[in-house]
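Shown next: start.cif, containing mmCIF, C-alpha atoms (C1' of nucleotides).
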```
data_upload
loop_
_atom_site.label_atom_id
_atom_site.label_comp_id
_atom_site.auth_asym_id
_atom_site.auth_seq_id
_atom_site.Cartn_x
_atom_site.Cartn_y
_atom_site.Cartn_z
CA MET A 1 26.43 -16.73 -4.23
CA ASP A 2 28.21 -14.75 -1.55
CA HIS A 3 26.82 -11.94 0.52
CA THR A 4 27.99 -9.19 -1.80
CA ALA A 5 26.42 -10.81 -4.85
CA ALA A 6 23.17 -11.38 -2.96
CA GLU A 7 23.11 -7.75 -1.89
CA VAL A 8 23.58 -6.57 -5.47
CA ARG A 9 20.86 -8.87 -6.77
CA LEU A 10 18.50 -7.72 -4.03
CA LEU A 11 19.13 -4.06 -4.70
CA ASP A 12 18.75 -4.61 -8.45
CA ALA A 13 15.48 -6.50 -8.09
CA ALA A 14 14.00 -4.14 -5.52
CA ASP A 15 15.00 -1.09 -7.50
CA GLU A 16 13.36 -2.39 -10.67
CA LEU A 17 10.17 -3.51 -8.95
CA PHE A 18 9.77 -0.41 -6.78
CA TYR A 19 10.30 1.81 -9.80
CA GLU A 20 7.90 -0.13 -12.01
CA ARG A 21 5.00 -0.51 -9.60
CA GLY A 22 5.64 1.57 -6.50
CA ILE A 23 7.07 0.58 -3.15
CA GLN A 24 3.97 -0.37 -1.19
CA ALA A 25 2.64 -2.45 -4.08
CA ILE A 26 5.68 -4.77 -3.98
CA GLY A 27 5.82 -7.55 -1.42
CA MET A 28 9.01 -9.07 -0.13
CA ASP A 29 8.07 -12.27 -1.92
CA ALA A 30 8.16 -10.55 -5.31
CA ILE A 31 11.67 -9.31 -4.50
CA ARG A 32 12.70 -12.81 -3.52
CA GLN A 33 11.30 -14.17 -6.76
CA ARG A 34 13.06 -11.64 -9.01
CA SER A 35 16.36 -11.61 -7.10
CA GLY A 36 16.59 -15.33 -6.38
CA VAL A 37 17.72 -14.48 -2.85
CA SER A 38 15.90 -16.29 -0.07
CA LEU A 39 13.91 -14.40 2.51
CA LYS A 40 16.25 -15.53 5.27
CA ARG A 41 19.26 -14.08 3.50
CA THR A 42 17.35 -10.95 2.63
CA TYR A 43 16.53 -10.27 6.27
CA GLN A 44 20.14 -10.94 7.24
CA LEU A 45 21.31 -8.24 4.82
CA PHE A 46 18.42 -5.81 5.35
CA PRO A 47 16.65 -6.17 8.68
CA SER A 48 13.40 -4.73 7.33
CA LYS A 49 11.76 -3.63 4.12
CA GLU A 50 12.35 -0.03 5.07
CA HIS A 51 16.09 -0.66 5.32
CA LEU A 52 15.99 -2.14 1.83
CA VAL A 53 14.01 0.80 0.48
CA GLU A 54 16.51 3.24 1.92
CA ALA A 55 19.47 1.30 0.52
CA VAL A 56 17.84 1.25 -2.91
CA LEU A 57 17.30 5.00 -2.84
CA ARG A 58 20.83 5.70 -1.64
CA ARG A 59 22.36 3.58 -4.37
CA ARG A 60 20.18 5.23 -7.01
CA ASP A 61 21.16 8.64 -5.67
CA ALA A 62 24.82 7.88 -6.28
CA ALA A 63 24.11 6.43 -9.74
CA VAL A 64 22.00 9.37 -10.89
CA ARG A 65 24.50 11.92 -9.69
CA ALA A 66 27.32 10.11 -11.44
CA GLU A 67 25.30 9.94 -14.65
CA ILE A 68 24.50 13.65 -14.55
CA SER A 69 28.15 14.46 -13.92
CA ALA A 70 29.22 12.32 -16.86
CA TYR A 71 26.70 14.01 -19.12
CA THR A 72 27.53 17.56 -18.17
CA SER A 73 31.31 17.18 -18.01
CA ALA A 74 31.37 15.79 -21.54
CA ARG A 75 30.40 19.17 -22.96
CA ALA A 76 32.92 21.82 -23.90
CA THR A 77 31.51 25.20 -22.82
CA PRO A 78 29.88 26.22 -19.53
CA ASN A 79 26.62 27.05 -21.31
CA GLU A 80 26.51 23.66 -22.99
CA ARG A 81 27.18 21.98 -19.67
CA VAL A 82 24.09 23.60 -18.18
CA LEU A 83 21.91 22.61 -21.11
CA ALA A 84 23.34 19.08 -21.12
CA VAL A 85 21.24 18.42 -18.02
CA PHE A 86 18.13 18.66 -20.17
CA ASP A 87 19.60 16.49 -22.91
CA TYR A 88 20.20 13.91 -20.23
CA LEU A 89 16.57 14.22 -19.20
CA TYR A 90 15.39 13.77 -22.79
CA ASP A 91 17.39 10.58 -23.23
CA TRP A 92 16.11 9.26 -19.92
CA PHE A 93 12.46 10.12 -20.66
CA SER A 94 12.74 8.36 -24.01
CA GLN A 95 13.45 5.00 -22.43
CA PRO A 96 10.37 2.79 -22.75
CA ASP A 97 10.24 1.94 -19.06
CA PHE A 98 10.44 5.56 -17.90
CA ARG A 99 8.00 6.12 -15.08
CA GLY A 100 9.09 9.42 -13.61
CA CYS A 101 11.72 10.22 -11.00
CA ALA A 102 12.09 7.47 -8.40
CA PHE A 103 12.80 10.03 -5.70
CA ILE A 104 9.76 12.14 -6.47
CA ASN A 105 7.63 9.01 -6.66
CA SER A 106 8.99 7.67 -3.38
CA PHE A 107 8.41 11.00 -1.69
CA ALA A 108 4.85 11.12 -2.97
CA GLU A 109 4.21 7.61 -1.71
CA LEU A 110 6.08 7.60 1.59
CA GLY A 111 7.22 11.13 2.33
CA GLY A 112 4.36 11.56 4.77
CA ALA A 113 4.92 8.25 6.53
CA SER A 114 8.70 7.80 6.56
CA ALA A 115 10.95 10.60 7.71
CA ASN A 116 13.98 8.65 6.52
CA VAL A 117 12.71 8.39 2.96
CA ALA A 118 11.75 12.07 2.98
CA GLU A 119 15.25 12.99 4.11
CA ILE A 120 16.98 10.84 1.47
CA VAL A 121 14.85 12.42 -1.24
CA ARG A 122 15.51 15.89 0.09
CA ALA A 123 19.26 15.23 0.21
CA HIS A 124 19.23 13.89 -3.36
CA LYS A 125 17.47 16.94 -4.73
CA GLN A 126 19.79 19.15 -2.72
CA ALA A 127 22.79 17.41 -4.28
CA VAL A 128 21.36 17.98 -7.75
CA ALA A 129 20.72 21.60 -6.83
CA ASP A 130 24.34 21.94 -5.70
CA HIS A 131 25.55 20.50 -8.98
CA LEU A 132 23.37 22.95 -10.90
CA ALA A 133 24.66 25.80 -8.77
CA ALA A 134 28.23 24.85 -9.66
CA LEU A 135 27.39 24.75 -13.37
CA VAL A 136 25.66 28.12 -13.13
CA ALA A 137 28.60 29.64 -11.29
CA ALA A 138 31.04 28.24 -13.87
CA ALA A 139 28.95 29.90 -16.58
CA ASP A 140 29.14 33.22 -14.71
CA ARG A 141 25.39 33.42 -14.36
CA PRO A 142 23.59 34.76 -11.30
CA ALA A 143 23.04 32.21 -8.55
CA PRO A 144 19.21 32.31 -8.51
CA LEU A 145 19.23 30.71 -11.95
CA ALA A 146 20.20 27.41 -10.31
CA ALA A 147 16.95 27.25 -8.35
CA GLN A 148 15.00 27.96 -11.52
CA LEU A 149 16.81 25.17 -13.34
CA LEU A 150 16.00 22.74 -10.54
CA VAL A 151 12.32 23.65 -10.82
CA LEU A 152 12.49 23.14 -14.58
CA ALA A 153 14.20 19.75 -14.23
CA ASN A 154 11.77 18.47 -11.59
CA GLY A 155 8.85 19.79 -13.59
CA ALA A 156 10.07 18.09 -16.75
CA MET A 157 10.29 14.76 -14.90
CA VAL A 158 6.75 14.79 -13.56
CA THR A 159 5.22 16.28 -16.69
CA ALA A 160 6.92 13.73 -18.94
CA ALA A 161 5.79 10.89 -16.70
CA ILE A 162 2.17 12.04 -16.68
CA VAL A 163 1.79 12.89 -20.36
CA GLY A 164 3.87 9.88 -21.39
CA SER A 165 6.16 11.80 -23.71
CA PRO A 166 9.77 13.02 -23.51
CA GLU A 167 8.84 16.41 -24.96
CA PRO A 168 8.75 18.25 -21.62
CA ALA A 169 12.54 17.84 -21.57
CA ARG A 170 12.68 19.91 -24.77
CA ASP A 171 10.31 22.49 -23.32
CA ALA A 172 12.45 22.75 -20.20
CA ARG A 173 15.62 22.97 -22.26
CA ALA A 174 14.21 25.80 -24.36
CA ALA A 175 13.17 27.66 -21.23
CA ALA A 176 16.60 27.08 -19.68
CA GLN A 177 18.30 28.43 -22.77
CA LEU A 178 16.19 31.59 -22.71
CA LEU A 179 16.89 32.06 -19.01
CA LEU A 180 20.58 31.56 -19.62
CA GLU A 181 20.55 34.24 -22.30
CA ALA A 182 18.21 36.61 -20.51
CA LYS A 183 20.30 36.56 -17.39
CA VAL A 184 23.48 37.52 -19.19
CA THR A 185 22.15 40.89 -20.28
CA GLY A 186 19.38 41.41 -17.71
CA MET B 1 -28.11 12.47 7.13
CA ASP B 2 -29.30 11.95 3.57
CA HIS B 3 -27.34 10.46 0.71
CA THR B 4 -26.04 13.78 -0.57
CA ALA B 5 -24.72 14.81 2.83
CA ALA B 6 -23.11 11.40 3.32
CA GLU B 7 -21.43 11.66 -0.06
CA VAL B 8 -20.00 15.08 0.77
CA ARG B 9 -18.73 13.90 4.15
CA LEU B 10 -17.15 10.85 2.55
CA LEU B 11 -15.43 12.85 -0.17
CA ASP B 12 -14.23 15.42 2.37
CA ALA B 13 -12.83 12.78 4.71
CA ALA B 14 -11.25 10.69 1.98
CA ASP B 15 -9.71 13.72 0.32
CA GLU B 16 -8.12 14.91 3.53
CA LEU B 17 -6.81 11.50 4.53
CA PHE B 18 -5.52 10.55 1.08
CA TYR B 19 -3.75 13.88 0.75
CA GLU B 20 -2.21 13.72 4.22
CA ARG B 21 -0.95 10.16 4.20
CA GLY B 22 -1.33 8.69 0.71
CA ILE B 23 -4.06 6.53 -0.73
CA GLN B 24 -2.79 3.04 -0.03
CA ALA B 25 -1.95 3.94 3.55
CA ILE B 26 -5.59 4.80 4.33
CA GLY B 27 -8.03 2.03 5.14
CA MET B 28 -11.76 2.25 4.60
CA ASP B 29 -12.18 2.17 8.35
CA ALA B 30 -10.23 5.39 8.78
CA ILE B 31 -12.54 7.03 6.25
CA ARG B 32 -15.56 5.74 8.13
CA GLN B 33 -14.17 7.10 11.37
CA ARG B 34 -13.45 10.58 10.03
CA SER B 35 -16.60 10.88 7.93
CA GLY B 36 -19.03 9.29 10.37
CA VAL B 37 -20.59 7.41 7.46
CA SER B 38 -21.09 3.68 7.97
CA LEU B 39 -19.33 1.18 5.75
CA LYS B 40 -22.64 -0.04 4.38
CA ARG B 41 -23.63 3.41 3.24
CA THR B 42 -20.15 4.03 1.88
CA TYR B 43 -20.32 0.96 -0.35
CA GLN B 44 -23.77 1.96 -1.54
CA LEU B 45 -22.46 5.30 -2.71
CA PHE B 46 -19.06 4.07 -3.94
CA PRO B 47 -18.97 0.38 -4.84
CA SER B 48 -15.24 0.12 -4.19
CA LYS B 49 -12.32 2.09 -2.81
CA GLU B 50 -11.15 2.78 -6.34
CA HIS B 51 -14.48 4.41 -7.18
CA LEU B 52 -14.07 6.63 -4.13
CA VAL B 53 -10.51 7.51 -5.07
CA GLU B 54 -11.60 8.49 -8.57
CA ALA B 55 -14.49 10.58 -7.26
CA VAL B 56 -12.16 12.38 -4.88
CA LEU B 57 -9.74 13.19 -7.68
CA ARG B 58 -12.49 14.36 -10.00
CA ARG B 59 -13.94 16.68 -7.38
CA ARG B 60 -10.51 18.07 -6.58
CA ASP B 61 -9.87 18.59 -10.28
CA ALA B 62 -12.94 20.80 -10.56
CA ALA B 63 -12.06 22.69 -7.37
CA VAL B 64 -8.46 23.35 -8.38
CA ARG B 65 -9.42 24.53 -11.83
CA ALA B 66 -12.04 26.87 -10.40
CA GLU B 67 -9.52 28.25 -7.93
CA ILE B 68 -6.93 28.89 -10.63
CA SER B 69 -9.55 30.59 -12.78
CA ALA B 70 -10.58 32.81 -9.90
CA TYR B 71 -6.98 33.76 -9.23
CA THR B 72 -6.04 34.55 -12.80
CA SER B 73 -9.23 36.33 -13.81
CA ALA B 74 -8.89 38.70 -10.86
CA ARG B 75 -5.86 40.35 -12.48
CA ALA B 76 -6.08 43.24 -14.89
CA THR B 77 -3.54 42.66 -17.64
CA PRO B 78 -2.78 39.51 -19.65
CA ASN B 79 0.78 39.41 -18.32
CA GLU B 80 -0.41 39.65 -14.73
CA ARG B 81 -2.91 36.87 -15.37
CA VAL B 82 -0.11 34.55 -16.43
CA LEU B 83 1.99 35.40 -13.42
CA ALA B 84 -1.00 35.08 -11.09
CA VAL B 85 -0.71 31.31 -11.50
CA PHE B 86 2.55 31.41 -9.58
CA ASP B 87 1.12 33.68 -6.91
CA TYR B 88 -1.60 31.10 -6.48
CA LEU B 89 1.07 28.45 -6.07
CA TYR B 90 2.90 30.52 -3.46
CA ASP B 91 -0.24 30.94 -1.38
CA TRP B 92 -1.01 27.25 -1.67
CA PHE B 93 2.54 26.14 -0.77
CA SER B 94 2.45 28.38 2.29
CA GLN B 95 -0.42 26.49 3.86
CA PRO B 96 0.89 24.41 6.77
CA ASP B 97 -0.65 21.17 5.54
CA PHE B 98 0.77 21.49 2.02
CA ARG B 99 2.07 18.13 0.90
CA GLY B 100 2.50 18.56 -2.83
CA CYS B 101 0.05 18.18 -5.69
CA ALA B 102 -2.55 15.49 -5.01
CA PHE B 103 -2.60 14.54 -8.69
CA ILE B 104 1.15 14.16 -8.97
CA ASN B 105 1.19 12.20 -5.72
CA SER B 106 -1.65 9.95 -6.82
CA PHE B 107 0.04 9.35 -10.14
CA ALA B 108 3.28 8.46 -8.42
CA GLU B 109 1.49 6.06 -6.10
CA LEU B 110 -1.05 4.46 -8.45
CA GLY B 111 -0.27 5.59 -12.00
CA GLY B 112 1.39 2.28 -12.73
CA ALA B 113 -1.39 0.18 -11.22
CA SER B 114 -4.59 2.05 -12.08
CA ALA B 115 -5.21 3.21 -15.62
CA ASN B 116 -8.23 5.18 -14.43
CA VAL B 117 -6.22 7.19 -11.94
CA ALA B 118 -3.52 7.79 -14.54
CA GLU B 119 -6.11 9.09 -16.98
CA ILE B 120 -7.75 11.41 -14.45
CA VAL B 121 -4.36 12.88 -13.57
CA ARG B 122 -3.44 13.26 -17.23
CA ALA B 123 -6.76 14.97 -17.97
CA HIS B 124 -6.31 17.34 -15.03
CA LYS B 125 -2.85 18.40 -16.13
CA GLN B 126 -4.12 18.76 -19.69
CA ALA B 127 -6.90 21.05 -18.46
CA VAL B 128 -4.37 23.19 -16.62
CA ALA B 129 -2.21 23.23 -19.75
CA ASP B 130 -5.23 24.38 -21.78
CA HIS B 131 -5.86 27.16 -19.29
CA LEU B 132 -2.24 28.26 -19.52
CA ALA B 133 -2.41 28.14 -23.30
CA ALA B 134 -5.42 30.46 -23.24
CA LEU B 135 -3.62 32.89 -20.94
CA VAL B 136 -0.53 32.83 -23.17
CA ALA B 137 -2.62 33.41 -26.29
CA ALA B 138 -4.43 36.30 -24.60
CA ALA B 139 -1.05 37.83 -23.82
CA ASP B 140 -0.02 37.48 -27.47
CA ARG B 141 2.89 35.25 -26.61
CA PRO B 142 4.03 32.28 -28.69
CA ALA B 143 2.21 29.05 -27.94
CA PRO B 144 5.25 27.00 -26.80
CA LEU B 145 5.46 29.23 -23.75
CA ALA B 146 2.42 27.46 -22.32
CA ALA B 147 4.23 24.12 -22.18
CA GLN B 148 7.16 25.78 -20.44
CA LEU B 149 4.86 27.35 -17.87
CA LEU B 150 3.29 23.96 -17.17
CA VAL B 151 6.73 22.49 -16.54
CA LEU B 152 7.53 25.39 -14.22
CA ALA B 153 4.28 24.98 -12.30
CA ASN B 154 4.63 21.21 -11.88
CA GLY B 155 8.26 21.63 -10.93
CA ALA B 156 7.42 24.26 -8.33
CA MET B 157 4.87 21.88 -6.75
CA VAL B 158 7.23 18.94 -6.33
CA THR B 159 10.21 21.05 -5.36
CA ALA B 160 8.23 22.93 -2.73
CA ALA B 161 6.87 19.69 -1.31
CA ILE B 162 10.30 18.09 -1.06
CA VAL B 163 12.25 21.05 0.34
CA GLY B 164 9.33 22.05 2.58
CA SER B 165 9.33 25.70 1.54
CA PRO B 166 7.11 27.85 -0.67
CA GLU B 167 10.13 29.52 -2.28
CA PRO B 168 10.10 27.42 -5.46
CA ALA B 169 6.91 29.28 -6.40
CA ARG B 170 8.93 32.50 -6.38
CA ASP B 171 11.70 30.89 -8.42
CA ALA B 172 9.17 29.66 -10.95
CA ARG B 173 7.49 33.05 -11.08
CA ALA B 174 10.77 34.82 -11.75
CA ALA B 175 11.55 32.36 -14.52
CA ALA B 176 8.07 32.81 -15.98
CA GLN B 177 8.47 36.55 -15.98
CA LEU B 178 11.77 36.35 -17.82
CA LEU B 179 10.28 33.95 -20.37
CA LEU B 180 7.32 36.23 -20.83
CA GLU B 181 9.64 39.15 -21.58
CA ALA B 182 12.13 37.21 -23.64
CA LYS B 183 9.48 35.77 -25.90
CA VAL B 184 8.09 39.17 -26.82
CA THR B 185 11.26 40.27 -28.58
CA GLY B 186 12.76 36.87 -29.44
"C1'" DA C 1 -50.01 -2.23 16.78
"C1'" DC C 2 -47.61 -4.36 13.18
"C1'" DT C 3 -45.11 -5.28 9.45
"C1'" DC C 4 -41.09 -4.22 6.64
"C1'" DG C 5 -37.47 -1.88 3.89
"C1'" DG C 6 -33.51 0.17 5.14
"C1'" DT C 7 -29.78 1.60 8.62
"C1'" DG C 8 -25.77 1.43 11.81
"C1'" DA C 9 -22.42 -1.06 14.47
"C1'" DG C 10 -19.44 -4.24 14.16
"C1'" DA C 11 -18.14 -9.14 13.38
"C1'" DA C 12 -16.69 -12.10 9.80
"C1'" DC C 13 -14.26 -13.55 5.61
"C1'" DG C 14 -10.76 -14.21 2.38
"C1'" DG C 15 -6.60 -12.37 0.98
"C1'" DT C 16 -2.07 -10.23 1.41
"C1'" DC C 17 1.74 -8.37 3.84
"C1'" DG C 18 6.09 -8.20 6.66
"C1'" DT C 19 8.48 -11.09 9.42
"C1'" DT C 20 9.84 -15.39 11.70
"C1'" DC C 21 10.11 -20.33 12.24
"C1'" DT C 22 10.58 -25.19 10.86
"C1'" DC C 23 12.57 -28.56 8.60
"C1'" DC C 24 15.61 -30.66 5.55
"C1'" DG C 25 19.52 -31.07 2.56
"C1'" DA C 26 24.39 -29.63 1.64
"C1'" DC C 27 28.80 -28.47 2.73
"C1'" DT C 28 32.97 -28.17 6.15
"C1'" DG C 29 36.74 -29.75 9.21
"C1'" DG C 30 38.49 -33.62 11.36
"C1'" DC D 1 32.48 -41.11 7.48
"C1'" DC D 2 30.46 -38.06 10.54
"C1'" DA D 3 28.97 -33.98 13.69
"C1'" DG D 4 27.78 -29.51 13.16
"C1'" DT D 5 26.80 -25.35 10.94
"C1'" DC D 6 24.61 -22.98 7.40
"C1'" DG D 7 21.28 -21.77 3.84
"C1'" DG D 8 17.05 -22.61 1.05
"C1'" DA D 9 12.15 -23.52 0.50
"C1'" DG D 10 8.21 -22.63 2.14
"C1'" DA D 11 4.85 -22.91 5.99
"C1'" DA D 12 3.33 -20.26 9.82
"C1'" DC D 13 1.99 -16.14 12.32
"C1'" DG D 14 -0.16 -12.00 13.52
"C1'" DA D 15 -1.75 -7.91 11.65
"C1'" DC D 16 -4.34 -5.39 8.51
"C1'" DC D 17 -7.11 -4.55 4.33
"C1'" DG D 18 -11.28 -4.35 1.24
"C1'" DT D 19 -15.56 -6.14 1.21
"C1'" DT D 20 -19.71 -8.55 2.83
"C1'" DC D 21 -22.74 -10.34 6.27
"C1'" DT D 22 -25.44 -10.51 10.71
"C1'" DC D 23 -28.55 -8.70 13.55
"C1'" DA D 24 -30.86 -5.56 16.29
"C1'" DC D 25 -33.21 -1.33 15.63
"C1'" DC D 26 -35.90 2.66 13.69
"C1'" DG D 27 -39.43 4.97 11.03
"C1'" DA D 28 -43.24 4.88 7.59
"C1'" DG D 29 -47.36 3.04 5.86
"C1'" DT D 30 -51.55 0.47 6.94
#
```

Go through the file and emit its structure as structure tokens.
Amino acid sequence: MDHTAAEVRLLDAADELFYERGIQAIGMDAIRQRSGVSLKRTYQLFPSKEHLVEAVLRRRDAAVRAEISAYTSARATPNERVLAVFDYLYDWFSQPDFRGCAFINSFAELGGASANVAEIVRAHKQAVADHLAALVAAADRPAPLAAQLLVLANGAMVTAAIVGSPEPARDARAAAQLLLEAKVTG
Amino acid sequence: MDHTAAEVRLLDAADELFYERGIQAIGMDAIRQRSGVSLKRTYQLFPSKEHLVEAVLRRRDAAVRAEISAYTSARATPNERVLAVFDYLYDWFSQPDFRGCAFINSFAELGGASANVAEIVRAHKQAVADHLAALVAAADRPAPLAAQLLVLANGAMVTAAIVGSPEPARDARAAAQLLLEAKVTG
DNA sequence: ACTCGGTGAGAACGGTCGTTCTCCGACTGG
DNA sequence: CCAGTCGGAGAACGACCGTTCTCACCGAGT
């Protein structure tokens, strides 16, 4: 197993464990056990747990953004592309291991203690907001709608996690559709 | 200091510390230091840290619900009562020590590890949802609007915490107003 | 005055965590 | 075949946590 493979296994294992049980609840030994990478190698690749946490979040940021882009760009009309965001959320929330948004959870757990984590989370949400703004602009809707859609998406994530149901994605989608229509004539 | 006073000081101290820095990051010694209540007394009143955490969340649940009720019932018309929820959020988000919703944060930190915490958070959000449903019914709006308002409120809380600005409350309020109007004719 | 239940301050205990170190076996180049 | 480097397994370390214990002290009842 070369360094690249070890890094991938570490990031995979840490991402799964952090998401399932939270960051502080996972010890480095659990990551070693799931990844099969020794502690020595782990600390060569990531000099501290915080470095590993940040790398996990950065990789997930790229993955989530790519997934959202794939979902939205697969739709034909600008309106459908906006609403596709909430279809993406519904599919995600329906997965049995869904436990909320990893960025929101990480911010809740460490945002007060780690400025780096807080900044990564902020940048991720800003990137999603930028994507939404582009979709809104392409649909010729007023710019403030993008901020409202971001609130709806974040709200759907936390509400679905807490109530344990994917339905909030439908609620958010219905609200988004009404806002999309209201804005066109209002 | 009698038992009642000690309990209040403990709950005050724990609530502040948990909210500021997260639950797992706070040791019982920090709570003793801020509250001035000895460890022995603390463990007489709350047999474990988890008991204390649950008591803190339950007390905050009652306080938040009372505050929302006070805010909404102070308005004259049913429509204004619905929108008052988002004015409440704006005032809350504007406080300098705002760090998101304690229930959402606790769920993110412990929802996977503590079924009791998860249930208290779920019950709190359900109570807020019930309150919103009553406001929506009083305004003669269709019931599904309540679920959309809950998503907007939860989304405003996490978005405001992450971006460090109270503006998401305004975004959510504008969306709520449009939904309130759209639903009346749709 | 003298017990005595209960208190506070803080040490102690067992466990876990992040991180480092030790030791040993395995591979490499000659 | 061998010296030397590397990596793995896991012990070790120091710190901290939740919880309990020790012990000296205080106030109430007799």

Using all atoms of stretch 19-25 of chain C listed in the file and a margin of 4 Å per side, can you give the axis-aligned box centre and edge lengths in Å to one decimal, as AutoDock Vina command-line options?
```
--center_x 14.0 --center_y -21.1 --center_z 7.4 --size_x 19.0 --size_y 28.0 --size_z 17.7
```

task: Mind giving me the straight-line distance from atom CA of B:Leu150 to atom CA of B:Glu54 in Å, one decimal?
output: 23.1 Å

- prompt: Counting only C-alpha atoms (C1' of nucleotides), which residues from chain D have an atom at most 9 Å from any atom of chain A, and could you show them as a ChimeraX atom specification?
  reply: /D:7-9

task: Place a sphere of radius 12 Å on (-9.0, 25.8, -8.4) in the file coordinates and name every protein, DNA or RNA residue with an atom inside or on its surface, counting only C-alpha atoms (C1' of nucleotides); give the answer as JSON, numbers by chain.
output: {"B": [59, 60, 61, 62, 63, 64, 65, 66, 67, 68, 69, 70, 71, 72, 73, 85, 88, 89, 92, 124, 127, 128, 131]}

Could you write out the selected residues, including C-alpha atoms, as a PDB file, keeping the file's coordinate frame?
```pdb
ATOM      1  CA  ARG B  59     -13.940  16.680  -7.380  1.00  0.00           C
ATOM      2  CA  ARG B  60     -10.510  18.070  -6.580  1.00  0.00           C
ATOM      3  CA  ASP B  61      -9.870  18.590 -10.280  1.00  0.00           C
ATOM      4  CA  ALA B  62     -12.940  20.800 -10.560  1.00  0.00           C
ATOM      5  CA  ALA B  63     -12.060  22.690  -7.370  1.00  0.00           C
ATOM      6  CA  VAL B  64      -8.460  23.350  -8.380  1.00  0.00           C
ATOM      7  CA  ARG B  65      -9.420  24.530 -11.830  1.00  0.00           C
ATOM      8  CA  ALA B  66     -12.040  26.870 -10.400  1.00  0.00           C
ATOM      9  CA  GLU B  67      -9.520  28.250  -7.930  1.00  0.00           C
ATOM     10  CA  ILE B  68      -6.930  28.890 -10.630  1.00  0.00           C
ATOM     11  CA  SER B  69      -9.550  30.590 -12.780  1.00  0.00           C
ATOM     12  CA  ALA B  70     -10.580  32.810  -9.900  1.00  0.00           C
ATOM     13  CA  TYR B  71      -6.980  33.760  -9.230  1.00  0.00           C
ATOM     14  CA  THR B  72      -6.040  34.550 -12.800  1.00  0.00           C
ATOM     15  CA  SER B  73      -9.230  36.330 -13.810  1.00  0.00           C
ATOM     16  CA  VAL B  85      -0.710  31.310 -11.500  1.00  0.00           C
ATOM     17  CA  TYR B  88      -1.600  31.100  -6.480  1.00  0.00           C
ATOM     18  CA  LEU B  89       1.070  28.450  -6.070  1.00  0.00           C
ATOM     19  CA  TRP B  92      -1.010  27.250  -1.670  1.00  0.00           C
ATOM     20  CA  HIS B 124      -6.310  17.340 -15.030  1.00  0.00           C
ATOM     21  CA  ALA B 127      -6.900  21.050 -18.460  1.00  0.00           C
ATOM     22  CA  VAL B 128      -4.370  23.190 -16.620  1.00  0.00           C
ATOM     23  CA  HIS B 131      -5.860  27.160 -19.290  1.00  0.00           C
TER      24      HIS B 131
END
```

message: Within 7 Å of chain A, which residues belong to chain B? Use only C-alpha atoms and report them as an MDAnalysis selection string.
response: chainID B and resid 20:22 105 108:109 112:113 122 147:148 151:152 154:156 158:159 162:163 168 171:172 175 178:179 182

Evaluate the PyMOL selection byres ((chain C) within 9 of (chain B)) and report residues as JSON, numbers by chain: {"C": [7, 8, 9]}

query: Interatomic distance between atom CA of A:Val53 and atom CA of A:Asn116?
result: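 Computing the Euclidean distance for atom CA of A:Val53 and atom CA of A:Asn116 yields 9.9 Å.
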
task: Write out as a PyMOL selection string the residues lying within 12 Å of D:DA3, counting all atoms listed in the file and excluding same-chain residues fewer than 2 positions away.
output: (chain C and resi 28-30) or (chain D and resi 1+5)

For atom CA of A:Arg9 and atom CA of A:Ser35, the interatomic separation in Å (one decimal):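 The value is 5.3 Å.
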
query: Hey, what comes out of the PyMOL selection byres ((chain C and resi 16) around 10) on this file? Could you write it as JSON, numbers by chain?
result: {"A": [27], "C": [14, 15, 17, 18], "D": [16, 17]}

Please produce a file of the residues just selected, as a CSV table (one decimal), in the coordinates of the input, where the atoms kept are C-alpha atoms (C1' of nucleotides).
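And here is the file that came out, result35.csv:
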```csv
chain,number,residue,atom,x,y,z
A,27,GLY,CA,5.8,-7.6,-1.4
C,14,DG,C1',-10.8,-14.2,2.4
C,15,DG,C1',-6.6,-12.4,1.0
C,17,DC,C1',1.7,-8.4,3.8
C,18,DG,C1',6.1,-8.2,6.7
D,16,DC,C1',-4.3,-5.4,8.5
D,17,DC,C1',-7.1,-4.6,4.3
```
